[in-house]
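So this block is upload.tsv, TSV, C-alpha atoms:
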```
chain	number	residue	atom	x	y	z
A	1	VAL	CA	29.34	-20.07	62.66
A	2	TRP	CA	26.32	-19.14	64.79
A	3	THR	CA	25.50	-19.64	68.50
A	4	SER	CA	22.29	-19.48	70.50
A	5	ASN	CA	21.13	-20.04	74.05
A	6	ASP	CA	17.46	-20.74	73.21
A	7	ASN	CA	17.58	-22.30	69.70
A	8	ASP	CA	15.55	-19.29	68.50
A	9	SER	CA	17.71	-16.14	68.54
A	10	TRP	CA	21.04	-16.69	66.80
A	11	THR	CA	24.25	-14.65	66.82
A	12	LEU	CA	26.94	-14.73	64.11
A	13	VAL	CA	30.26	-15.29	65.92
A	14	GLN	CA	32.55	-16.15	62.99
A	15	GLY	CA	32.37	-15.47	59.26
A	16	THR	CA	34.17	-17.36	56.52
A	17	VAL	CA	36.49	-20.06	57.91
A	18	PRO	CA	39.25	-22.11	56.23
A	19	TYR	CA	38.48	-25.59	54.95
A	20	VAL	CA	40.28	-28.75	53.83
A	21	SER	CA	38.70	-31.05	51.22
A	22	ASP	CA	39.12	-34.79	51.91
A	23	ASP	CA	38.75	-36.78	48.66
A	24	VAL	CA	39.14	-40.17	50.34
A	25	TYR	CA	36.34	-39.71	52.86
A	26	ARG	CA	34.45	-37.37	50.46
A	27	ARG	CA	34.04	-34.71	53.12
A	28	PHE	CA	35.18	-31.22	54.05
A	29	ARG	CA	36.86	-30.23	57.31
A	30	LEU	CA	36.02	-26.71	58.52
A	31	SER	CA	38.31	-25.16	61.12
A	32	PHE	CA	37.20	-22.35	63.41
A	33	SER	CA	38.14	-20.97	66.81
A	34	PRO	CA	36.39	-22.25	69.96
A	35	VAL	CA	32.91	-20.84	70.57
A	36	THR	CA	30.62	-20.92	73.60
A	37	GLY	CA	26.88	-21.51	73.39
A	38	LEU	CA	24.14	-23.96	74.29
A	39	TYR	CA	23.42	-24.40	70.56
A	40	VAL	CA	26.01	-24.17	67.77
A	41	MET	CA	25.19	-23.98	64.07
A	42	VAL	CA	27.59	-24.11	61.11
A	43	VAL	CA	26.10	-22.86	57.82
A	44	ASN	CA	27.73	-23.99	54.57
A	45	GLU	CA	26.29	-22.03	51.65
A	46	VAL	CA	28.56	-22.96	48.73
A	47	SER	CA	31.05	-25.60	47.65
A	48	PRO	CA	34.62	-24.69	46.72
A	49	PRO	CA	35.06	-24.01	42.97
A	50	GLY	CA	35.19	-27.25	41.03
A	51	ALA	CA	34.08	-29.41	43.97
A	52	PRO	CA	30.82	-31.31	44.30
A	53	ALA	CA	27.97	-29.86	46.33
A	54	VAL	CA	28.53	-30.08	50.07
A	55	GLN	CA	25.72	-31.95	51.81
A	56	VAL	CA	26.14	-32.18	55.58
A	57	THR	CA	25.40	-35.68	56.85
A	58	GLU	CA	27.15	-35.50	60.21
A	59	MET	CA	28.60	-32.81	62.43
A	60	ARG	CA	30.53	-33.53	65.61
A	61	ILE	CA	31.29	-30.86	68.21
A	62	PHE	CA	33.86	-31.59	70.91
A	63	GLY	CA	34.20	-29.63	74.14
A	64	PRO	CA	37.30	-29.38	76.33
A	65	ASP	CA	38.68	-32.62	77.75
A	66	GLY	CA	36.77	-33.57	80.88
A	67	ALA	CA	33.85	-31.23	80.17
A	68	GLY	CA	30.62	-32.31	81.77
A	69	GLY	CA	32.31	-34.05	84.71
A	70	GLY	CA	32.41	-37.55	83.23
A	71	GLY	CA	30.89	-39.87	80.66
A	72	SER	CA	27.40	-39.58	79.21
A	73	THR	CA	24.98	-41.64	77.13
A	74	THR	CA	23.08	-40.24	74.17
A	75	GLU	CA	20.37	-41.67	71.94
A	76	SER	CA	19.68	-40.61	68.38
A	77	ASN	CA	16.96	-41.84	66.01
A	78	LEU	CA	17.10	-40.93	62.32
A	79	TYR	CA	14.68	-41.73	59.52
A	80	GLU	CA	14.52	-40.86	55.83
A	81	HIS	CA	11.79	-41.80	53.37
A	82	ASN	CA	12.21	-40.70	49.75
A	83	VAL	CA	10.77	-41.32	46.31
A	84	ARG	CA	12.14	-40.46	42.89
A	85	ALA	CA	10.47	-40.31	39.47
A	86	ASN	CA	11.97	-39.74	36.03
A	87	PHE	CA	10.18	-38.83	32.81
A	88	ASN	CA	11.90	-38.68	29.42
A	89	TYR	CA	10.51	-37.32	26.17
A	90	ARG	CA	12.20	-37.37	22.78
A	91	GLY	CA	10.39	-35.08	20.38
A	92	VAL	CA	12.73	-35.44	17.41
A	93	ASP	CA	15.97	-37.28	16.83
A	94	ASN	CA	18.21	-34.48	18.07
A	95	VAL	CA	16.11	-33.11	20.99
A	96	SER	CA	15.24	-34.77	24.32
A	97	LEU	CA	13.67	-33.57	27.57
A	98	THR	CA	14.04	-35.12	31.02
A	99	TRP	CA	12.04	-34.26	34.13
A	100	ASP	CA	13.28	-35.55	37.51
A	101	ILE	CA	11.22	-35.37	40.71
A	102	PHE	CA	12.56	-36.16	44.17
A	103	GLY	CA	10.57	-36.08	47.42
A	104	GLN	CA	11.76	-36.79	50.94
A	105	LEU	CA	10.45	-36.92	54.49
A	106	ALA	CA	13.24	-36.98	57.07
A	107	GLY	CA	13.57	-36.50	60.79
A	108	ASN	CA	15.86	-36.97	63.75
A	109	GLU	CA	15.41	-37.22	67.50
A	110	TYR	CA	18.32	-36.63	69.86
A	111	ASN	CA	17.86	-37.61	73.50
A	112	GLY	CA	14.10	-37.29	73.08
A	113	ASP	CA	14.21	-33.84	71.42
A	114	THR	CA	13.24	-33.43	67.78
A	115	THR	CA	16.15	-31.81	65.94
A	116	ARG	CA	14.93	-32.31	62.36
A	117	ASP	CA	11.50	-32.54	60.75
A	118	GLU	CA	12.09	-32.07	57.04
A	119	HIS	CA	9.82	-32.03	54.00
A	120	ARG	CA	11.71	-31.75	50.72
A	121	LEU	CA	10.64	-31.56	47.07
A	122	ASP	CA	13.09	-31.24	44.14
A	123	ASN	CA	12.21	-30.63	40.50
A	124	SER	CA	14.77	-30.71	37.69
A	125	LEU	CA	14.23	-30.19	33.97
A	126	ASN	CA	17.00	-30.98	31.48
A	127	ALA	CA	17.04	-30.44	27.73
A	128	LEU	CA	19.58	-31.86	25.25
A	129	TRP	CA	19.90	-30.58	21.70
A	130	ALA	CA	22.30	-31.59	18.96
A	131	PRO	CA	21.82	-28.99	16.19
A	132	ALA	CA	24.79	-30.35	14.20
A	133	ASP	CA	27.11	-33.32	14.14
A	134	ARG	CA	29.83	-31.50	16.07
A	135	VAL	CA	27.67	-29.35	18.38
A	136	ASP	CA	25.86	-30.36	21.60
A	137	VAL	CA	23.74	-28.01	23.72
A	138	SER	CA	22.29	-28.75	27.17
A	139	LEU	CA	20.06	-26.63	29.40
A	140	ARG	CA	19.11	-27.24	33.03
A	141	ALA	CA	16.58	-25.72	35.42
A	142	GLU	CA	16.35	-26.95	39.00
A	143	ASN	CA	14.29	-26.05	42.04
A	144	ARG	CA	14.80	-27.44	45.54
A	145	ASN	CA	12.37	-26.63	48.35
A	146	ILE	CA	13.22	-27.74	51.90
A	147	GLN	CA	10.84	-26.96	54.74
A	148	ASP	CA	11.66	-27.93	58.30
A	149	LYS	CA	9.73	-27.23	61.48
A	150	ILE	CA	12.98	-27.14	63.45
A	151	ARG	CA	15.66	-25.90	61.10
A	152	PRO	CA	15.67	-22.87	58.80
A	153	ASP	CA	13.81	-23.39	55.53
A	154	GLU	CA	15.76	-23.36	52.28
A	155	LEU	CA	14.75	-22.60	48.69
A	156	VAL	CA	17.27	-23.19	45.89
A	157	THR	CA	16.94	-22.26	42.21
A	158	VAL	CA	19.56	-23.20	39.61
A	159	LEU	CA	19.67	-22.26	35.91
A	160	GLY	CA	22.48	-23.33	33.62
A	161	GLY	CA	23.58	-24.40	30.20
A	162	THR	CA	26.57	-25.77	28.29
A	163	VAL	CA	27.69	-25.76	24.66
A	164	GLU	CA	30.22	-28.28	23.34
A	165	TYR	CA	31.78	-27.81	19.90
A	166	ARG	CA	34.37	-29.94	18.07
A	167	PRO	CA	35.60	-27.97	15.06
A	168	LEU	CA	38.41	-30.49	14.44
A	169	ASP	CA	39.01	-34.10	15.37
A	170	THR	CA	41.90	-32.88	17.52
A	171	LEU	CA	40.18	-29.86	19.13
A	172	ASP	CA	37.29	-29.56	21.61
A	173	VAL	CA	35.83	-26.23	22.76
A	174	GLY	CA	33.19	-25.76	25.44
A	175	ALA	CA	31.38	-22.99	27.29
A	176	SER	CA	29.07	-23.09	30.30
A	177	TYR	CA	27.09	-20.72	32.50
A	178	THR	CA	25.37	-21.38	35.83
A	179	TRP	CA	23.27	-19.08	37.99
A	180	SER	CA	22.01	-20.14	41.40
A	181	ASP	CA	20.07	-18.51	44.22
A	182	ARG	CA	19.77	-20.01	47.69
A	183	GLU	CA	17.28	-18.41	50.05
A	184	PHE	CA	17.81	-19.18	53.72
A	185	ALA	CA	15.13	-18.26	56.20
A	186	LEU	CA	17.75	-17.33	58.79
A	187	THR	CA	20.77	-15.92	56.98
A	188	GLY	CA	19.34	-14.37	53.80
A	189	ASP	CA	20.04	-15.00	50.13
A	190	TYR	CA	23.18	-16.42	48.60
A	191	THR	CA	23.54	-15.97	44.84
A	192	SER	CA	26.25	-17.25	42.54
A	193	GLU	CA	27.14	-16.83	38.87
A	194	ALA	CA	29.79	-18.87	37.09
A	195	ALA	CA	30.88	-18.65	33.45
A	196	GLN	CA	33.55	-20.88	31.95
A	197	LEU	CA	35.41	-21.29	28.65
A	198	ARG	CA	37.52	-24.40	28.14
A	199	SER	CA	39.38	-26.16	25.38
A	200	THR	CA	41.32	-29.38	24.87
A	201	ALA	CA	43.72	-29.86	21.95
A	202	ARG	CA	45.63	-32.95	20.87
A	203	LEU	CA	49.11	-31.67	20.08
A	204	LEU	CA	50.62	-35.09	19.34
A	205	ASP	CA	49.33	-38.64	19.33
A	206	ASP	CA	50.36	-38.99	22.99
A	207	LEU	CA	50.12	-35.37	24.19
A	208	GLU	CA	47.10	-33.17	24.97
A	209	ALA	CA	46.89	-29.58	26.22
A	210	GLU	CA	44.00	-28.07	28.15
A	211	ILE	CA	43.07	-24.53	29.10
A	212	SER	CA	40.11	-23.06	30.97
A	213	LEU	CA	39.00	-19.58	32.01
A	214	GLU	CA	36.38	-19.17	34.72
A	215	HIS	CA	34.67	-16.11	36.17
A	216	ILE	CA	32.70	-16.54	39.41
A	217	VAL	CA	30.72	-13.96	41.39
A	218	GLN	CA	29.22	-14.93	44.76
A	219	ASP	CA	27.04	-12.60	46.83
A	220	ASP	CA	26.46	-13.60	50.46
A	221	GLN	CA	23.81	-11.30	51.93
A	222	GLY	CA	24.05	-12.94	55.33
A	223	LEU	CA	27.75	-12.21	55.76
A	224	GLN	CA	27.54	-9.09	53.54
A	225	ILE	CA	30.40	-10.23	51.31
A	226	GLU	CA	30.66	-10.29	47.53
A	227	THR	CA	33.48	-12.49	46.23
A	228	THR	CA	34.75	-12.35	42.66
A	229	ARG	CA	37.12	-15.01	41.32
A	230	ASP	CA	38.90	-15.22	37.97
A	231	ILE	CA	40.53	-18.61	37.51
A	232	LEU	CA	43.02	-19.59	34.81
A	233	THR	CA	44.01	-23.25	34.48
A	234	LEU	CA	46.63	-24.73	32.13
A	235	GLY	CA	47.42	-28.41	31.80
A	236	LEU	CA	49.33	-31.04	29.83
A	237	VAL	CA	48.36	-34.72	29.65
A	238	ALA	CA	50.99	-37.11	28.26
A	239	ARG	CA	50.86	-40.83	27.49
A	240	VAL	CA	54.48	-41.51	28.45
A	241	THR	CA	54.17	-45.26	27.81
A	242	PRO	CA	51.20	-47.45	26.89
A	243	ARG	CA	50.68	-48.06	30.61
A	244	PHE	CA	51.76	-44.75	32.20
A	245	ASP	CA	50.02	-41.35	31.97
A	246	LEU	CA	51.38	-38.11	33.41
A	247	THR	CA	49.37	-34.92	33.98
A	248	LEU	CA	50.79	-31.50	34.90
A	249	ARG	CA	48.37	-28.73	35.81
A	250	TRP	CA	48.74	-25.13	37.04
A	251	SER	CA	45.95	-22.90	38.27
A	252	ASP	CA	45.84	-19.24	39.30
A	253	THR	CA	42.90	-17.74	41.20
A	254	ASP	CA	42.69	-13.94	41.31
A	255	ALA	CA	40.03	-12.94	43.84
A	256	ALA	CA	38.54	-9.75	45.20
A	257	LEU	CA	36.27	-9.16	48.22
A	258	ALA	CA	33.74	-6.38	48.63
A	259	GLY	CA	31.10	-5.44	51.17
A	260	PRO	CA	30.98	-4.67	54.91
A	261	GLY	CA	32.02	-8.20	55.85
A	262	ALA	CA	35.07	-8.32	53.60
A	263	ASP	CA	37.45	-6.97	56.26
A	264	GLU	CA	36.85	-10.06	58.43
A	265	SER	CA	37.58	-12.57	55.64
A	266	LEU	CA	40.79	-13.92	54.15
A	267	ASP	CA	41.63	-13.20	50.53
A	268	PRO	CA	40.89	-16.47	48.66
A	269	SER	CA	43.45	-15.74	45.90
A	270	SER	CA	45.79	-18.68	45.37
A	271	GLN	CA	48.03	-20.62	43.01
A	272	THR	CA	48.18	-24.41	42.75
A	273	TRP	CA	50.53	-26.83	41.02
A	274	GLU	CA	49.38	-30.41	40.46
A	275	LEU	CA	51.19	-33.54	39.31
A	276	LEU	CA	49.19	-36.70	38.61
A	277	GLY	CA	50.73	-40.04	37.60
A	278	LEU	CA	48.65	-43.07	36.59
A	279	TRP	CA	50.35	-46.44	36.15
A	280	ARG	CA	48.41	-49.42	34.78
A	281	MET	CA	50.72	-52.18	36.01
A	282	THR	CA	48.40	-54.91	34.70
A	283	ASP	CA	44.87	-55.01	33.40
A	284	LEU	CA	43.71	-55.65	36.99
A	285	LEU	CA	46.15	-53.50	39.00
A	286	THR	CA	46.49	-49.69	38.82
A	287	GLY	CA	48.60	-47.26	40.84
A	288	GLU	CA	48.05	-43.51	41.14
A	289	VAL	CA	50.09	-40.66	42.65
A	290	ARG	CA	48.70	-37.14	43.06
A	291	LEU	CA	50.74	-34.23	44.42
A	292	LEU	CA	49.09	-30.83	44.88
A	293	TYR	CA	50.97	-27.78	46.12
A	294	ARG	CA	49.02	-24.62	46.93
A	295	ASP	CA	50.16	-21.12	47.84
A	296	ALA	CA	47.55	-18.79	49.31
A	297	GLN	CA	47.09	-16.07	51.92
A	298	PHE	CA	45.77	-18.64	54.39
A	299	GLY	CA	48.98	-20.64	54.04
A	300	GLU	CA	50.88	-22.98	51.77
A	301	GLY	CA	51.26	-26.72	51.80
A	302	LEU	CA	51.71	-29.92	49.81
A	303	ASP	CA	48.96	-32.55	49.69
A	304	GLU	CA	49.98	-36.10	48.81
A	305	ASN	CA	47.64	-38.87	47.67
A	306	TYR	CA	48.75	-42.43	46.84
A	307	ARG	CA	46.18	-44.94	45.57
A	308	LEU	CA	46.29	-48.61	44.57
A	309	SER	CA	43.30	-50.19	42.81
A	310	TRP	CA	43.09	-53.97	42.37
A	311	LEU	CA	40.56	-56.28	40.74
A	312	PRO	CA	41.53	-59.68	42.19
A	313	LEU	CA	38.96	-61.57	40.07
A	314	PRO	CA	38.94	-61.48	36.26
A	315	ASP	CA	35.19	-60.80	36.14
A	316	GLY	CA	35.67	-57.58	38.17
A	317	SER	CA	33.11	-58.55	40.81
A	318	VAL	CA	35.50	-57.60	43.64
A	319	ASP	CA	37.20	-54.19	43.72
A	320	ILE	CA	39.83	-53.32	46.34
A	321	GLN	CA	41.16	-49.78	46.76
A	322	LEU	CA	43.95	-48.67	49.11
A	323	ASP	CA	44.56	-44.97	49.82
A	324	VAL	CA	47.24	-43.03	51.68
A	325	LEU	CA	46.58	-39.32	51.96
A	326	ARG	CA	48.50	-36.52	53.66
A	327	ARG	CA	46.93	-33.08	53.81
A	328	VAL	CA	48.54	-29.93	55.17
A	329	ASP	CA	46.57	-27.14	56.83
A	330	GLY	CA	48.43	-24.12	55.50
A	331	LEU	CA	46.90	-21.78	58.08
A	332	GLN	CA	47.94	-23.79	61.13
A	333	GLU	CA	50.89	-25.56	59.44
A	334	LEU	CA	49.63	-28.94	60.66
A	335	SER	CA	49.32	-32.17	58.67
A	336	THR	CA	46.75	-34.96	58.74
A	337	ASP	CA	47.47	-38.52	57.54
A	338	THR	CA	44.62	-40.69	56.32
A	339	TYR	CA	44.75	-44.41	55.54
A	340	SER	CA	41.78	-46.20	54.02
A	341	VAL	CA	40.75	-49.55	52.55
A	342	LEU	CA	37.63	-49.98	50.42
A	343	VAL	CA	36.35	-53.40	49.30
A	344	GLN	CA	33.32	-53.62	47.02
A	345	TRP	CA	31.78	-56.98	46.14
A	346	LEU	CA	29.23	-57.11	43.33
A	347	ILE	CA	27.09	-60.11	44.32
A	348	ASN	CA	24.76	-59.75	41.34
A	349	LYS	CA	23.34	-56.99	39.14
A	350	ARG	CA	21.07	-55.74	41.93
A	351	THR	CA	23.10	-56.45	45.07
A	352	TRP	CA	26.54	-55.32	46.17
A	353	LEU	CA	28.39	-55.14	49.49
A	354	ASN	CA	30.82	-52.42	50.63
A	355	PHE	CA	33.44	-52.74	53.37
A	356	THR	CA	35.31	-49.59	54.39
A	357	TYR	CA	38.03	-49.00	56.95
A	358	GLY	CA	39.75	-45.67	57.48
A	359	ALA	CA	42.13	-44.16	60.00
A	360	GLN	CA	42.62	-40.39	60.20
A	361	ILE	CA	45.63	-39.26	62.25
A	362	PRO	CA	45.98	-35.47	62.74
A	363	GLU	CA	49.32	-34.09	63.87
A	364	GLU	CA	47.91	-32.46	67.00
A	365	ALA	CA	44.50	-34.04	67.55
A	366	ASP	CA	42.92	-37.36	68.41
A	367	ARG	CA	43.00	-40.26	65.97
A	368	THR	CA	39.75	-41.33	64.30
A	369	ASP	CA	39.05	-44.89	63.11
A	370	LEU	CA	36.05	-45.65	60.94
A	371	PHE	CA	34.69	-49.03	59.87
A	372	THR	CA	31.49	-49.50	57.87
A	373	VAL	CA	29.66	-52.37	56.20
A	374	VAL	CA	26.89	-51.44	53.74
A	375	LEU	CA	24.59	-53.83	51.85
A	376	ASN	CA	22.99	-52.24	48.77
A	377	VAL	CA	19.93	-53.82	47.14
A	378	ARG	CA	18.32	-52.31	44.06
A	379	PHE	CA	14.65	-53.16	43.41
```
Is it possible to give me this structure as structure tokens?
Amino acid sequence: VWTSNDNDSWTLVQGTVPYVSDDVYRRFRLSFSPVTGLYVMVVNEVSPPGAPAVQVTEMRIFGPDGAGGGGSTTESNLYEHNVRANFNYRGVDNVSLTWDIFGQLAGNEYNGDTTRDEHRLDNSLNALWAPADRVDVSLRAENRNIQDKIRPDELVTVLGGTVEYRPLDTLDVGASYTWSDREFALTGDYTSEAAQLRSTARLLDDLEAEISLEHIVQDDQGLQIETTRDILTLGLVARVTPRFDLTLRWSDTDAALAGPGADESLDPSSQTWELLGLWRMTDLLTGEVRLLYRDAQFGEGLDENYRLSWLPLPDGSVDIQLDVLRRVDGLQELSTDTYSVLVQWLINKRTWLNFTYGAQIPEEADRTDLFTVVLNVRF
């Protein structure tokens, strides 16, 4: 968390802060103590292990109640223009190459002031190789260059690869490695290395076991912290009945912090226990229950997620999803309840309509209601 009084010289006021991942809204909630400054910037440099990349699309900052002496009116104008190209080449039967290019021009004006003027160019090269019937190899190289006249520039490089091997019809083994480097014009480099070994074995016709070992090293030069994580995950997946699946999963994260900034950060070591039940009541109606208990230095808590998915029409053109989610902030021992309804209507192969309503009710904060209607047209 950074503050500034001139939008030029920035001061780091808080280092690593606790987060809560919201699967329903597909967003992360970062919690930090109140700060004072004319400009406030929150820098997110890495996603939690196993989560998708965090891309900030909206940030709201609330001052004390009554701040400013009354109501105010703001005006914001946002534009994004992008283009994407894909090239695929298959040299021989078991080798293929794919090159993806993405370009974007984006900007935003807030109350007449330009707050974003972005030029972005992404290049990604992927190679797939199947040297044998039971072996698949994939390699990936990615470069993302973001230049902005207002915000700090960003240059990202990612290199990675995976190997999948099936020695037996009942056994799968895989390995992966990813290295990434993110250069920020303001806060310095952020590098990450992740190596993983995983295996899935079918013990019985209706029972599978899974195990994974992961080693992650993250070096944050801006905060001067190096974080090392070793993660062990064990799981069992059972087909209890033809229409009911039950998954039990346990994970242990052993972490270590090093560097001058380590004293100001919480130890991210943790243990989690997960129970997932999936009930296919009919071919068109599915229920899901997910319970996740976590125990960490920043607190413990139980997250509950209940989901009902319904296809009211036999052709599947309408999809209705109901979610009830309760998340517990282990650090502050506060809970947040979220209720959401998602309706998707596939009008034709190129057009679909989304209706979304959600209500988020924190234990000691204001309620948030969200309603969106989105029309998607593919040309």
One decimal, Å: what's the distance from atom CA of Val324 of chain A over to atom CA of Trp250 of chain A, could you say?
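Atom CA of Trp250 of chain A lies 23.2 Å from atom CA of Val324 of chain A.
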Interatomic distance (Å, one decimal) between atom CA of Val137 of chain A and atom CA of Asp172 of chain A
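So the answer is 13.8 Å.
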If I put a ball of radius 6 Å at (13.1, -43.8, 46.1) in the file's coordinates, which residues poke into it when counting all atoms listed in the file, written as a ChimeraX atom specification?
/A:82-84
All residues 12 Å or closer to Gly91 of chain A, only C-alpha atoms, same chain fewer than 3 positions away omitted, as a list in words:
Asn88, Asn94, Val95, Ser96, Leu97, Thr98, Ala127, Leu128 and Trp129 of chain A
Take the residues just selected and output them with C-alpha atoms as an mmCIF file, in the coordinates of the input.
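Output saved as again.cif:
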```
data_model
loop_
_atom_site.group_PDB
_atom_site.id
_atom_site.type_symbol
_atom_site.label_atom_id
_atom_site.label_comp_id
_atom_site.auth_asym_id
_atom_site.auth_seq_id
_atom_site.Cartn_x
_atom_site.Cartn_y
_atom_site.Cartn_z
ATOM 1 C CA ASN A 88 11.900 -38.680 29.420
ATOM 2 C CA ASN A 94 18.210 -34.480 18.070
ATOM 3 C CA VAL A 95 16.110 -33.110 20.990
ATOM 4 C CA SER A 96 15.240 -34.770 24.320
ATOM 5 C CA LEU A 97 13.670 -33.570 27.570
ATOM 6 C CA THR A 98 14.040 -35.120 31.020
ATOM 7 C CA ALA A 127 17.040 -30.440 27.730
ATOM 8 C CA LEU A 128 19.580 -31.860 25.250
ATOM 9 C CA TRP A 129 19.900 -30.580 21.700
#
```
State, in Å with one decimal place, the distance from atom CA of Val156 of chain A to atom CA of Leu266 of chain A.
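Computing it gives 26.6 Å between the two atoms.
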Among listed residues A:Asp122, A:Asp205, A:Glu214, A:Glu226, nearest Ser265 of chain A (using only C-alpha atoms)
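Ranking A:Asp122, A:Asp205, A:Glu214, A:Glu226 by distance to Ser265 of chain A, first place goes to A:Glu226.
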